[in-house]
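Undergrad: File follows, target_35.pdb with PDB, C-alpha atoms:
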```pdb
ATOM      1  CA  MET A   1      90.285 126.745 106.448
ATOM      2  CA  ASN A   2      88.680 127.344 103.067
ATOM      3  CA  ARG A   3      89.440 124.921 100.271
ATOM      4  CA  ILE A   4      88.522 126.397  96.910
ATOM      5  CA  ASP A   5      91.423 125.027  94.891
ATOM      6  CA  PHE A   6      90.018 121.584  94.115
ATOM      7  CA  THR A   7      88.968 121.090  90.497
ATOM      8  CA  SER A   8      87.633 117.506  90.515
ATOM      9  CA  LYS A   9      86.391 114.809  92.886
ATOM     10  CA  THR A  10      89.672 112.937  92.511
ATOM     11  CA  ASP A  11      91.739 115.864  93.822
ATOM     12  CA  CYS A  12      92.993 114.980  97.279
ATOM     13  CA  PHE A  13      93.317 116.088 100.843
ATOM     14  CA  THR A  14      96.560 114.897 102.440
ATOM     15  CA  LEU A  15      96.358 113.177 105.815
ATOM     16  CA  ALA A  16      98.861 113.755 108.610
ATOM     17  CA  ASN A  17     100.860 110.666 107.586
ATOM     18  CA  GLY A  18     101.093 111.795 103.952
ATOM     19  CA  VAL A  19      98.378 109.492 102.595
ATOM     20  CA  LYS A  20      96.235 111.212  99.965
ATOM     21  CA  ILE A  21      92.449 110.871 100.098
ATOM     22  CA  PRO A  22      90.072 111.951  97.294
ATOM     23  CA  CYS A  23      88.199 115.086  98.318
ATOM     24  CA  ILE A  24      84.693 113.659  97.791
ATOM     25  CA  GLY A  25      83.633 110.154  98.765
ATOM     26  CA  TYR A  26      80.615 108.036  97.918
ATOM     27  CA  GLY A  27      78.725 107.104 101.090
ATOM     28  CA  THR A  28      76.858 103.813 101.560
ATOM     29  CA  TRP A  29      75.109 104.307 104.912
ATOM     30  CA  GLN A  30      71.560 102.875 104.727
ATOM     31  CA  THR A  31      72.177 101.490 101.242
ATOM     32  CA  PRO A  32      70.662  97.977 101.195
ATOM     33  CA  ASP A  33      73.051  95.053 101.054
ATOM     34  CA  GLY A  34      73.188  92.940  97.911
ATOM     35  CA  GLU A  35      72.712  94.097  94.341
ATOM     36  CA  THR A  36      71.710  97.639  95.340
ATOM     37  CA  THR A  37      74.990  98.400  97.093
ATOM     38  CA  GLN A  38      77.053  96.476  94.556
ATOM     39  CA  ASN A  39      75.531  98.304  91.621
ATOM     40  CA  CYS A  40      75.684 101.722  93.321
ATOM     41  CA  VAL A  41      79.367 101.315  94.147
ATOM     42  CA  GLU A  42      80.138 100.166  90.615
ATOM     43  CA  THR A  43      78.136 103.111  89.244
ATOM     44  CA  ALA A  44      79.906 105.637  91.471
ATOM     45  CA  LEU A  45      83.285 104.333  90.360
ATOM     46  CA  ARG A  46      82.229 104.367  86.710
ATOM     47  CA  LEU A  47      81.166 107.996  87.158
ATOM     48  CA  GLY A  48      84.584 108.956  88.470
ATOM     49  CA  TYR A  49      84.438 108.575  92.234
ATOM     50  CA  ARG A  50      87.563 106.994  93.694
ATOM     51  CA  HIS A  51      86.646 107.091  97.371
ATOM     52  CA  ILE A  52      84.093 104.705  98.894
ATOM     53  CA  ASP A  53      82.892 104.875 102.513
ATOM     54  CA  THR A  54      81.265 101.972 104.348
ATOM     55  CA  ALA A  55      81.209 100.402 107.831
ATOM     56  CA  PHE A  56      80.879  96.979 109.396
ATOM     57  CA  ALA A  57      77.626  98.118 111.010
ATOM     58  CA  TYR A  58      76.124  99.066 107.638
ATOM     59  CA  GLY A  59      75.996  95.355 106.840
ATOM     60  CA  ASN A  60      77.126  95.924 103.247
ATOM     61  CA  GLU A  61      80.917  95.501 103.278
ATOM     62  CA  LYS A  62      80.726  92.360 101.120
ATOM     63  CA  SER A  63      78.599  94.141  98.548
ATOM     64  CA  VAL A  64      80.930  97.153  98.553
ATOM     65  CA  GLY A  65      83.824  94.805  97.821
ATOM     66  CA  ALA A  66      81.856  93.131  95.047
ATOM     67  CA  GLY A  67      81.070  96.523  93.494
ATOM     68  CA  ILE A  68      84.734  97.475  93.560
ATOM     69  CA  ARG A  69      85.711  94.252  91.789
ATOM     70  CA  LYS A  70      82.854  94.618  89.302
ATOM     71  CA  SER A  71      84.121  98.081  88.348
ATOM     72  CA  GLY A  72      87.386  96.658  87.003
ATOM     73  CA  ILE A  73      89.285  99.676  88.348
ATOM     74  CA  PRO A  74      92.691  98.802  89.830
ATOM     75  CA  ARG A  75      92.637  98.505  93.612
ATOM     76  CA  ASN A  76      95.398 101.070  94.085
ATOM     77  CA  GLU A  77      93.249 103.720  92.406
ATOM     78  CA  ILE A  78      90.407 103.357  94.924
ATOM     79  CA  PHE A  79      90.360 104.682  98.491
ATOM     80  CA  VAL A  80      88.237 102.522 100.802
ATOM     81  CA  THR A  81      87.075 103.530 104.286
ATOM     82  CA  THR A  82      85.324 101.265 106.771
ATOM     83  CA  LYS A  83      84.595 101.438 110.483
ATOM     84  CA  HIS A  84      84.959  99.406 113.657
ATOM     85  CA  TRP A  85      81.718  98.661 115.513
ATOM     86  CA  VAL A  86      80.984  99.156 119.218
ATOM     87  CA  THR A  87      80.560  95.449 120.008
ATOM     88  CA  GLU A  88      84.206  94.864 119.071
ATOM     89  CA  ARG A  89      85.858  97.313 121.465
ATOM     90  CA  GLY A  90      89.025  96.182 123.207
ATOM     91  CA  TYR A  91      92.380  95.042 121.875
ATOM     92  CA  GLU A  92      91.808  91.427 120.816
ATOM     93  CA  LYS A  93      88.296  91.997 119.512
ATOM     94  CA  THR A  94      89.510  94.908 117.430
ATOM     95  CA  ILE A  95      92.247  92.830 115.806
ATOM     96  CA  ARG A  96      89.591  90.299 114.803
ATOM     97  CA  ALA A  97      87.277  93.085 113.623
ATOM     98  CA  VAL A  98      89.914  94.424 111.222
ATOM     99  CA  GLU A  99      90.466  90.930 109.848
ATOM    100  CA  ALA A 100      86.702  90.426 109.442
ATOM    101  CA  SER A 101      86.314  93.672 107.481
ATOM    102  CA  LEU A 102      89.247  92.756 105.249
ATOM    103  CA  GLU A 103      87.602  89.417 104.538
ATOM    104  CA  ASN A 104      84.176  90.971 103.938
ATOM    105  CA  LEU A 105      85.602  93.532 101.521
ATOM    106  CA  GLY A 106      87.885  90.994  99.840
ATOM    107  CA  LEU A 107      90.847  93.351 100.241
ATOM    108  CA  ASP A 108      94.442  92.965 101.403
ATOM    109  CA  TYR A 109      94.402  96.372 103.115
ATOM    110  CA  ILE A 110      91.978  99.116 104.112
ATOM    111  CA  ASP A 111      92.868 102.704 103.231
ATOM    112  CA  LEU A 112      91.176 104.275 106.255
ATOM    113  CA  TYR A 113      89.797 102.527 109.339
ATOM    114  CA  LEU A 114      87.739 104.494 111.856
ATOM    115  CA  VAL A 115      86.422 103.968 115.376
ATOM    116  CA  HIS A 116      82.701 104.258 114.602
ATOM    117  CA  TRP A 117      81.666 105.640 118.025
ATOM    118  CA  PRO A 118      83.610 106.505 121.167
ATOM    119  CA  CYS A 119      83.003 104.586 124.346
ATOM    120  CA  VAL A 120      81.641 107.263 126.703
ATOM    121  CA  GLU A 121      81.272 107.687 130.446
ATOM    122  CA  LYS A 122      77.581 106.802 130.354
ATOM    123  CA  ILE A 123      78.568 103.385 128.995
ATOM    124  CA  SER A 124      81.560 102.732 131.245
ATOM    125  CA  PRO A 125      83.558 104.678 133.876
ATOM    126  CA  ASP A 126      86.638 103.191 132.174
ATOM    127  CA  TRP A 127      85.775 104.732 128.812
ATOM    128  CA  LYS A 128      89.203 106.311 128.369
ATOM    129  CA  GLU A 129      91.004 103.010 128.906
ATOM    130  CA  ILE A 130      88.572 101.136 126.666
ATOM    131  CA  ASN A 131      89.065 103.596 123.830
ATOM    132  CA  GLY A 132      92.817 103.405 124.402
ATOM    133  CA  ASP A 133      92.877  99.600 124.230
ATOM    134  CA  THR A 134      90.866  99.675 121.015
ATOM    135  CA  TRP A 135      93.246 102.243 119.558
ATOM    136  CA  ARG A 136      96.319 100.117 120.400
ATOM    137  CA  ALA A 137      94.905  97.461 118.090
ATOM    138  CA  PHE A 138      94.400 100.091 115.386
ATOM    139  CA  GLU A 139      98.056 101.029 115.774
ATOM    140  CA  LYS A 140      99.186  97.422 115.540
ATOM    141  CA  MET A 141      97.254  96.770 112.326
ATOM    142  CA  TYR A 142      98.482 100.085 110.918
ATOM    143  CA  LYS A 143     102.080  99.074 111.580
ATOM    144  CA  LYS A 144     101.416  95.704 109.902
ATOM    145  CA  GLY A 145     100.316  97.526 106.745
ATOM    146  CA  LYS A 146      96.718  96.334 106.934
ATOM    147  CA  LEU A 147      95.500  99.907 107.480
ATOM    148  CA  ARG A 148      97.002 102.827 105.547
ATOM    149  CA  ALA A 149      95.448 105.448 107.829
ATOM    150  CA  ILE A 150      93.475 105.393 111.087
ATOM    151  CA  GLY A 151      91.013 107.741 112.704
ATOM    152  CA  VAL A 152      87.785 108.153 114.629
ATOM    153  CA  SER A 153      84.155 109.027 114.032
ATOM    154  CA  ASN A 154      81.622 110.937 116.122
ATOM    155  CA  TYR A 155      84.301 112.093 118.571
ATOM    156  CA  GLN A 156      84.064 115.350 120.486
ATOM    157  CA  ALA A 157      87.020 117.307 121.868
ATOM    158  CA  LYS A 158      87.098 115.464 125.206
ATOM    159  CA  HIS A 159      87.182 112.088 123.446
ATOM    160  CA  ILE A 160      89.964 113.258 121.128
ATOM    161  CA  ASP A 161      91.969 114.645 124.060
ATOM    162  CA  ALA A 162      91.713 111.444 126.070
ATOM    163  CA  LEU A 163      92.813 109.354 123.092
ATOM    164  CA  TRP A 164      95.548 111.819 122.138
ATOM    165  CA  GLU A 165      97.205 111.282 125.542
ATOM    166  CA  ARG A 166      97.351 107.532 125.024
ATOM    167  CA  ALA A 167      98.069 107.301 121.306
ATOM    168  CA  GLU A 168     101.471 106.599 119.839
ATOM    169  CA  ILE A 169     100.013 107.208 116.375
ATOM    170  CA  LYS A 170      97.595 110.128 116.514
ATOM    171  CA  PRO A 171      94.166 109.834 114.851
ATOM    172  CA  MET A 172      94.229 111.361 111.376
ATOM    173  CA  VAL A 173      90.486 111.784 110.750
ATOM    174  CA  ASN A 174      87.279 112.583 112.614
ATOM    175  CA  GLN A 175      84.123 111.738 110.656
ATOM    176  CA  ILE A 176      81.077 113.582 112.002
ATOM    177  CA  GLU A 177      77.619 114.668 110.943
ATOM    178  CA  PHE A 178      78.027 117.968 109.097
ATOM    179  CA  HIS A 179      75.631 119.919 106.896
ATOM    180  CA  PRO A 180      73.773 123.251 106.803
ATOM    181  CA  GLY A 181      71.588 123.269 109.886
ATOM    182  CA  TYR A 182      74.076 121.161 111.870
ATOM    183  CA  THR A 183      77.736 121.996 111.294
ATOM    184  CA  GLN A 184      79.410 121.351 114.680
ATOM    185  CA  MET A 185      81.916 124.039 113.711
ATOM    186  CA  GLU A 186      83.614 124.074 117.124
ATOM    187  CA  ASN A 187      84.248 120.361 116.759
ATOM    188  CA  VAL A 188      85.446 120.863 113.175
ATOM    189  CA  ARG A 189      87.900 123.609 114.111
ATOM    190  CA  TYR A 190      89.178 121.689 117.108
ATOM    191  CA  ALA A 191      89.999 118.604 115.040
ATOM    192  CA  GLN A 192      91.561 120.694 112.287
ATOM    193  CA  LYS A 193      93.827 122.429 114.813
ATOM    194  CA  LYS A 194      94.999 118.955 115.816
ATOM    195  CA  GLY A 195      95.949 118.298 112.190
ATOM    196  CA  MET A 196      93.012 115.934 111.659
ATOM    197  CA  LEU A 197      90.909 115.864 108.505
ATOM    198  CA  VAL A 198      87.197 116.223 109.197
ATOM    199  CA  GLN A 199      84.819 114.170 107.060
ATOM    200  CA  ALA A 200      81.083 114.818 106.749
ATOM    201  CA  TRP A 201      78.664 111.947 107.020
ATOM    202  CA  SER A 202      75.153 112.912 105.990
ATOM    203  CA  PRO A 203      76.416 116.088 104.255
ATOM    204  CA  LEU A 204      73.003 116.447 102.586
ATOM    205  CA  GLY A 205      71.125 116.231 105.872
ATOM    206  CA  SER A 206      67.601 114.951 105.343
ATOM    207  CA  GLY A 207      64.808 115.577 102.892
ATOM    208  CA  ALA A 208      63.609 118.424 105.102
ATOM    209  CA  LEU A 209      66.944 120.181 104.712
ATOM    210  CA  LEU A 210      67.046 119.880 100.925
ATOM    211  CA  GLY A 211      63.649 121.549 100.704
ATOM    212  CA  ASP A 212      64.569 124.407 103.049
ATOM    213  CA  GLU A 213      63.655 127.824 101.646
ATOM    214  CA  THR A 214      66.986 129.480 102.543
ATOM    215  CA  LEU A 215      69.081 126.665 101.115
ATOM    216  CA  CYS A 216      67.021 126.530  97.938
ATOM    217  CA  ARG A 217      67.246 130.315  97.515
ATOM    218  CA  ILE A 218      71.034 130.186  97.731
ATOM    219  CA  ALA A 219      71.151 127.225  95.361
ATOM    220  CA  GLY A 220      69.081 129.164  92.842
ATOM    221  CA  LYS A 221      71.592 132.032  92.849
ATOM    222  CA  TYR A 222      74.273 129.655  91.568
ATOM    223  CA  GLY A 223      72.090 127.571  89.280
ATOM    224  CA  LYS A 224      72.798 124.537  91.455
ATOM    225  CA  SER A 225      70.794 122.022  93.456
ATOM    226  CA  ALA A 226      70.479 122.231  97.236
ATOM    227  CA  ALA A 227      72.545 119.035  97.474
ATOM    228  CA  GLN A 228      75.359 120.577  95.439
ATOM    229  CA  ILE A 229      75.400 123.601  97.751
ATOM    230  CA  CYS A 230      75.757 121.272 100.763
ATOM    231  CA  VAL A 231      78.699 119.438  99.179
ATOM    232  CA  ARG A 232      80.397 122.654  98.091
ATOM    233  CA  MET A 233      79.935 124.227 101.524
ATOM    234  CA  ALA A 234      81.726 121.286 103.154
ATOM    235  CA  LEU A 235      84.678 121.585 100.786
ATOM    236  CA  GLN A 236      84.979 125.325 101.434
ATOM    237  CA  CYS A 237      85.150 124.543 105.163
ATOM    238  CA  GLY A 238      88.001 122.110 104.557
ATOM    239  CA  VAL A 239      85.654 119.203 105.272
ATOM    240  CA  LEU A 240      85.493 116.095 103.086
ATOM    241  CA  PRO A 241      81.869 115.300 102.138
ATOM    242  CA  LEU A 242      80.479 111.773 101.701
ATOM    243  CA  PRO A 243      77.204 112.263  99.797
ATOM    244  CA  LYS A 244      75.078 109.227  99.074
ATOM    245  CA  SER A 245      72.286 108.334  96.692
ATOM    246  CA  THR A 246      71.074 105.219  94.915
ATOM    247  CA  LYS A 247      70.038 107.181  91.816
ATOM    248  CA  GLU A 248      72.635 107.444  89.052
ATOM    249  CA  ASP A 249      71.810 111.019  88.077
ATOM    250  CA  ARG A 250      72.173 112.209  91.672
ATOM    251  CA  ILE A 251      75.341 110.194  92.263
ATOM    252  CA  LEU A 252      76.758 112.124  89.306
ATOM    253  CA  SER A 253      75.374 115.565  90.146
ATOM    254  CA  ASN A 254      76.318 115.441  93.832
ATOM    255  CA  ALA A 255      79.977 115.739  92.831
ATOM    256  CA  GLU A 256      79.536 118.397  90.129
ATOM    257  CA  VAL A 257      80.589 121.200  92.454
ATOM    258  CA  PHE A 258      83.854 122.494  91.024
ATOM    259  CA  ASP A 259      82.623 125.216  88.685
ATOM    260  CA  PHE A 260      81.455 127.715  91.304
ATOM    261  CA  ILE A 261      82.407 129.207  94.673
ATOM    262  CA  ILE A 262      79.913 130.092  97.388
ATOM    263  CA  SER A 263      80.382 133.724  98.427
ATOM    264  CA  GLY A 264      81.481 134.644 101.942
ATOM    265  CA  GLU A 265      78.080 136.141 102.671
ATOM    266  CA  ASP A 266      76.229 133.019 101.575
ATOM    267  CA  MET A 267      78.662 130.807 103.511
ATOM    268  CA  GLU A 268      77.856 132.786 106.657
ATOM    269  CA  THR A 269      74.153 132.237 106.041
ATOM    270  CA  LEU A 270      74.631 128.507 105.527
ATOM    271  CA  LEU A 271      76.857 128.129 108.573
ATOM    272  CA  ASN A 272      74.362 129.949 110.786
ATOM    273  CA  MET A 273      71.155 128.217 109.726
ATOM    274  CA  PRO A 274      69.005 127.026 112.649
ATOM    275  CA  LEU A 275      68.978 123.347 113.578
ATOM    276  CA  LEU A 276      67.635 121.376 110.620
ATOM    277  CA  GLY A 277      68.204 117.970 109.076
ATOM    278  CA  PHE A 278      69.864 116.688 112.282
ATOM    279  CA  SER A 279      69.928 112.884 112.579
ATOM    280  CA  GLY A 280      69.590 112.906 116.353
ATOM    281  CA  PHE A 281      72.788 110.895 116.857
ATOM    282  CA  LEU A 282      75.137 112.331 119.493
ATOM    283  CA  PRO A 283      78.310 110.804 120.981
ATOM    284  CA  GLU A 284      76.749 110.593 124.445
ATOM    285  CA  ASP A 285      73.926 108.583 122.893
ATOM    286  CA  ALA A 286      76.355 106.254 121.133
ATOM    287  CA  PRO A 287      75.148 102.677 120.684
ATOM    288  CA  ALA A 288      76.083 100.553 123.701
ATOM    289  CA  ASP A 289      75.570  97.087 122.256
ATOM    290  CA  ALA A 290      78.333  95.683 124.453
ATOM    291  CA  LEU A 291      80.597  96.642 127.263
ATOM    292  CA  CYS A 292      84.120  95.871 126.328
ATOM    293  CA  GLU A 293      87.161  93.859 127.155
TER     294      GLU A 293
END
```
Go through the file and emit its structure as structure tokens.

TA:
Amino acid sequence: MNRIDFTSKTDCFTLANGVKIPCIGYGTWQTPDGETTQNCVETALRLGYRHIDTAFAYGNEKSVGAGIRKSGIPRNEIFVTTKHWVTERGYEKTIRAVEASLENLGLDYIDLYLVHWPCVEKISPDWKEINGDTWRAFEKMYKKGKLRAIGVSNYQAKHIDALWERAEIKPMVNQIEFHPGYTQMENVRYAQKKGMLVQAWSPLGSGALLGDETLCRIAGKYGKSAAQICVRMALQCGVLPLPKSTKEDRILSNAEVFDFIISGEDMETLLNMPLLGFSGFLPEDAPADALCE
């Protein structure tokens, strides 16, 4: 599913429930809490981003909220994503987790709320039921209007299938690691066939990826940076990228990807690069900080 029709970072994908989500988001994973996160979020919004991604586990929700308020941009013009952490699995804990994130962010509603990691068989033989109980709480808070859209993160096909069977409201998003050198294309295509939007965390991979000879050669053909090629590749795969940086010039340049199209030949090269820039995080190695209600 190639997407080459977007012309700016505020153009939108449309989720299964009709909610529109800006096609590039600003990621805040590993961005230090406090002034750093607050200033980076404010900077990203000033530079035209309208989609901010965070998580309870990042420890910076309060600073993300402060950056949003500091920007002075109306709340209804900003799309905010956060995520539910593994220690809060289960129905009642999840209700409280949503309320805690709302309080941390200083918001009346969250645009997109994601299960950060699936509970898996290695953690509990009842993993399907645990994920289902957590999802019921997502559905309740969605129906109450506290969450405009709901989805998952780091799910593979078997986790999606198990949840799909139990869900009244189907997950609308799967956020996964995606970049040249680690695309998980089977997982991407599977979710897309289900009508889910795939988002890319760590779309720039690591420093090793951005210095890769093949990636840099392709970037040079288009007069672009390696990071811009990574972001553009995601968009052309129908995947929503969430690039992150704490440097203003890179925050700006990471989203300057609408004046070129990567050729089919170069896309094939990028999609078939050997393993590189992989974080090492896999669903079966999901954090198991707590077994659940």

Undergrad: Since I can't run it myself right now, could you work out what the PyMOL selection byres ((chain A and resi 128-143) around 9) selects here and report it as a ChimeraX atom specification?

TA: /A:88-95,98,113-115,118-121,124-127,144-151,159,162-163,166-169,171,292-293

Undergrad: Using only C-alpha atoms, please write the residues we just selected to a file, as an mmCIF file, keeping the file's coordinate frame.

TA:
```cif
data_model
loop_
_atom_site.group_PDB
_atom_site.id
_atom_site.type_symbol
_atom_site.label_atom_id
_atom_site.label_comp_id
_atom_site.auth_asym_id
_atom_site.auth_seq_id
_atom_site.Cartn_x
_atom_site.Cartn_y
_atom_site.Cartn_z
ATOM 1 C CA GLU A 88 84.206 94.864 119.071
ATOM 2 C CA ARG A 89 85.858 97.313 121.465
ATOM 3 C CA GLY A 90 89.025 96.182 123.207
ATOM 4 C CA TYR A 91 92.380 95.042 121.875
ATOM 5 C CA GLU A 92 91.808 91.427 120.816
ATOM 6 C CA LYS A 93 88.296 91.997 119.512
ATOM 7 C CA THR A 94 89.510 94.908 117.430
ATOM 8 C CA ILE A 95 92.247 92.830 115.806
ATOM 9 C CA VAL A 98 89.914 94.424 111.222
ATOM 10 C CA TYR A 113 89.797 102.527 109.339
ATOM 11 C CA LEU A 114 87.739 104.494 111.856
ATOM 12 C CA VAL A 115 86.422 103.968 115.376
ATOM 13 C CA PRO A 118 83.610 106.505 121.167
ATOM 14 C CA CYS A 119 83.003 104.586 124.346
ATOM 15 C CA VAL A 120 81.641 107.263 126.703
ATOM 16 C CA GLU A 121 81.272 107.687 130.446
ATOM 17 C CA SER A 124 81.560 102.732 131.245
ATOM 18 C CA PRO A 125 83.558 104.678 133.876
ATOM 19 C CA ASP A 126 86.638 103.191 132.174
ATOM 20 C CA TRP A 127 85.775 104.732 128.812
ATOM 21 C CA LYS A 144 101.416 95.704 109.902
ATOM 22 C CA GLY A 145 100.316 97.526 106.745
ATOM 23 C CA LYS A 146 96.718 96.334 106.934
ATOM 24 C CA LEU A 147 95.500 99.907 107.480
ATOM 25 C CA ARG A 148 97.002 102.827 105.547
ATOM 26 C CA ALA A 149 95.448 105.448 107.829
ATOM 27 C CA ILE A 150 93.475 105.393 111.087
ATOM 28 C CA GLY A 151 91.013 107.741 112.704
ATOM 29 C CA HIS A 159 87.182 112.088 123.446
ATOM 30 C CA ALA A 162 91.713 111.444 126.070
ATOM 31 C CA LEU A 163 92.813 109.354 123.092
ATOM 32 C CA ARG A 166 97.351 107.532 125.024
ATOM 33 C CA ALA A 167 98.069 107.301 121.306
ATOM 34 C CA GLU A 168 101.471 106.599 119.839
ATOM 35 C CA ILE A 169 100.013 107.208 116.375
ATOM 36 C CA PRO A 171 94.166 109.834 114.851
ATOM 37 C CA CYS A 292 84.120 95.871 126.328
ATOM 38 C CA GLU A 293 87.161 93.859 127.155
#
```

Undergrad: Take the PyMOL selection byres ((chain A and resi 238) around 12), apply it to the structure above, and return the hits as a ChimeraX atom specification.

TA: /A:1-6,12-14,23-24,178,185,188-189,191-193,195-200,231-237,239-241

Undergrad: Write a file of the just-selected residues containing C-alpha atoms, as an mmCIF file, in the coordinates of the input.

TA:
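Saved to selection-v4.cif:
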```
data_model
loop_
_atom_site.group_PDB
_atom_site.id
_atom_site.type_symbol
_atom_site.label_atom_id
_atom_site.label_comp_id
_atom_site.auth_asym_id
_atom_site.auth_seq_id
_atom_site.Cartn_x
_atom_site.Cartn_y
_atom_site.Cartn_z
ATOM 1 C CA MET A 1 90.285 126.745 106.448
ATOM 2 C CA ASN A 2 88.680 127.344 103.067
ATOM 3 C CA ARG A 3 89.440 124.921 100.271
ATOM 4 C CA ILE A 4 88.522 126.397 96.910
ATOM 5 C CA ASP A 5 91.423 125.027 94.891
ATOM 6 C CA PHE A 6 90.018 121.584 94.115
ATOM 7 C CA CYS A 12 92.993 114.980 97.279
ATOM 8 C CA PHE A 13 93.317 116.088 100.843
ATOM 9 C CA THR A 14 96.560 114.897 102.440
ATOM 10 C CA CYS A 23 88.199 115.086 98.318
ATOM 11 C CA ILE A 24 84.693 113.659 97.791
ATOM 12 C CA PHE A 178 78.027 117.968 109.097
ATOM 13 C CA MET A 185 81.916 124.039 113.711
ATOM 14 C CA VAL A 188 85.446 120.863 113.175
ATOM 15 C CA ARG A 189 87.900 123.609 114.111
ATOM 16 C CA ALA A 191 89.999 118.604 115.040
ATOM 17 C CA GLN A 192 91.561 120.694 112.287
ATOM 18 C CA LYS A 193 93.827 122.429 114.813
ATOM 19 C CA GLY A 195 95.949 118.298 112.190
ATOM 20 C CA MET A 196 93.012 115.934 111.659
ATOM 21 C CA LEU A 197 90.909 115.864 108.505
ATOM 22 C CA VAL A 198 87.197 116.223 109.197
ATOM 23 C CA GLN A 199 84.819 114.170 107.060
ATOM 24 C CA ALA A 200 81.083 114.818 106.749
ATOM 25 C CA VAL A 231 78.699 119.438 99.179
ATOM 26 C CA ARG A 232 80.397 122.654 98.091
ATOM 27 C CA MET A 233 79.935 124.227 101.524
ATOM 28 C CA ALA A 234 81.726 121.286 103.154
ATOM 29 C CA LEU A 235 84.678 121.585 100.786
ATOM 30 C CA GLN A 236 84.979 125.325 101.434
ATOM 31 C CA CYS A 237 85.150 124.543 105.163
ATOM 32 C CA VAL A 239 85.654 119.203 105.272
ATOM 33 C CA LEU A 240 85.493 116.095 103.086
ATOM 34 C CA PRO A 241 81.869 115.300 102.138
#
```

Undergrad: Residues picked by the PyMOL selection byres ((chain A and resi 45-55) around 9) here, as a ChimeraX atom specification?

TA: /A:9-10,21-29,40-44,56-61,64,67-68,71,73,77-85,101,113-114,116,242,248,251-252,255

Undergrad: With 4 Å added on each side, what axis-aligned box encloses every listed atom of stretch 97-109 of chain A? Give the centre and edge lengths in Å to one decimal, as AutoDock Vina command-line options.

TA:
```
--center_x 89.3 --center_y 92.9 --center_z 106.7 --size_x 18.3 --size_y 15.0 --size_z 21.8
```

Undergrad: Find the residue from A:Ile218, A:Leu112, A:Leu275, A:Ile160 that sits nearest to A:Asn17; use all atoms listed in the file when measuring.

TA: A:Leu112

Undergrad: Report, in Å to a single decimal, how far apart atom CA of A:Gln184 and atom CA of A:Leu276 are.

TA: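 Here the two named atoms are 12.5 Å from each other.
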
Undergrad: Taking N, CA, C and O atoms as the atom set, what does stretch 154-164 of chain A look like once completed, written as a compact mmCIF listing (two decimals), keeping the file's coordinate frame?

TA:
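Saved to result_8.txt:
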```
# COMPACT_ATOMS: atom_id res chain seq x y z
N ASN A 154 82.56 110.49 115.09
CA ASN A 154 81.62 110.94 116.12
C ASN A 154 82.31 111.27 117.44
O ASN A 154 81.71 111.16 118.51
N TYR A 155 83.56 111.68 117.38
CA TYR A 155 84.30 112.09 118.57
C TYR A 155 84.14 113.59 118.81
O TYR A 155 84.13 114.38 117.87
N GLN A 156 84.01 113.96 120.08
CA GLN A 156 84.06 115.35 120.49
C GLN A 156 85.44 115.63 121.07
O GLN A 156 86.26 114.74 121.22
N ALA A 157 85.69 116.90 121.42
CA ALA A 157 87.02 117.31 121.87
C ALA A 157 87.52 116.47 123.05
O ALA A 157 88.68 116.05 123.08
N LYS A 158 86.65 116.21 124.03
CA LYS A 158 87.10 115.46 125.21
C LYS A 158 87.49 114.04 124.86
O LYS A 158 88.42 113.47 125.47
N HIS A 159 86.82 113.44 123.86
CA HIS A 159 87.18 112.09 123.45
C HIS A 159 88.51 112.10 122.69
O HIS A 159 89.35 111.21 122.86
N ILE A 160 88.69 113.12 121.85
CA ILE A 160 89.96 113.26 121.13
C ILE A 160 91.11 113.46 122.11
O ILE A 160 92.16 112.82 122.01
N ASP A 161 90.91 114.35 123.09
CA ASP A 161 91.97 114.64 124.06
C ASP A 161 92.38 113.40 124.83
O ASP A 161 93.57 113.14 125.03
N ALA A 162 91.41 112.64 125.29
CA ALA A 162 91.71 111.44 126.07
C ALA A 162 92.48 110.43 125.24
O ALA A 162 93.42 109.78 125.73
N LEU A 163 92.11 110.29 123.97
CA LEU A 163 92.81 109.35 123.09
C LEU A 163 94.20 109.89 122.74
O LEU A 163 95.17 109.12 122.66
N TRP A 164 94.28 111.19 122.52
CA TRP A 164 95.55 111.82 122.14
C TRP A 164 96.63 111.52 123.18
O TRP A 164 97.79 111.26 122.83
```
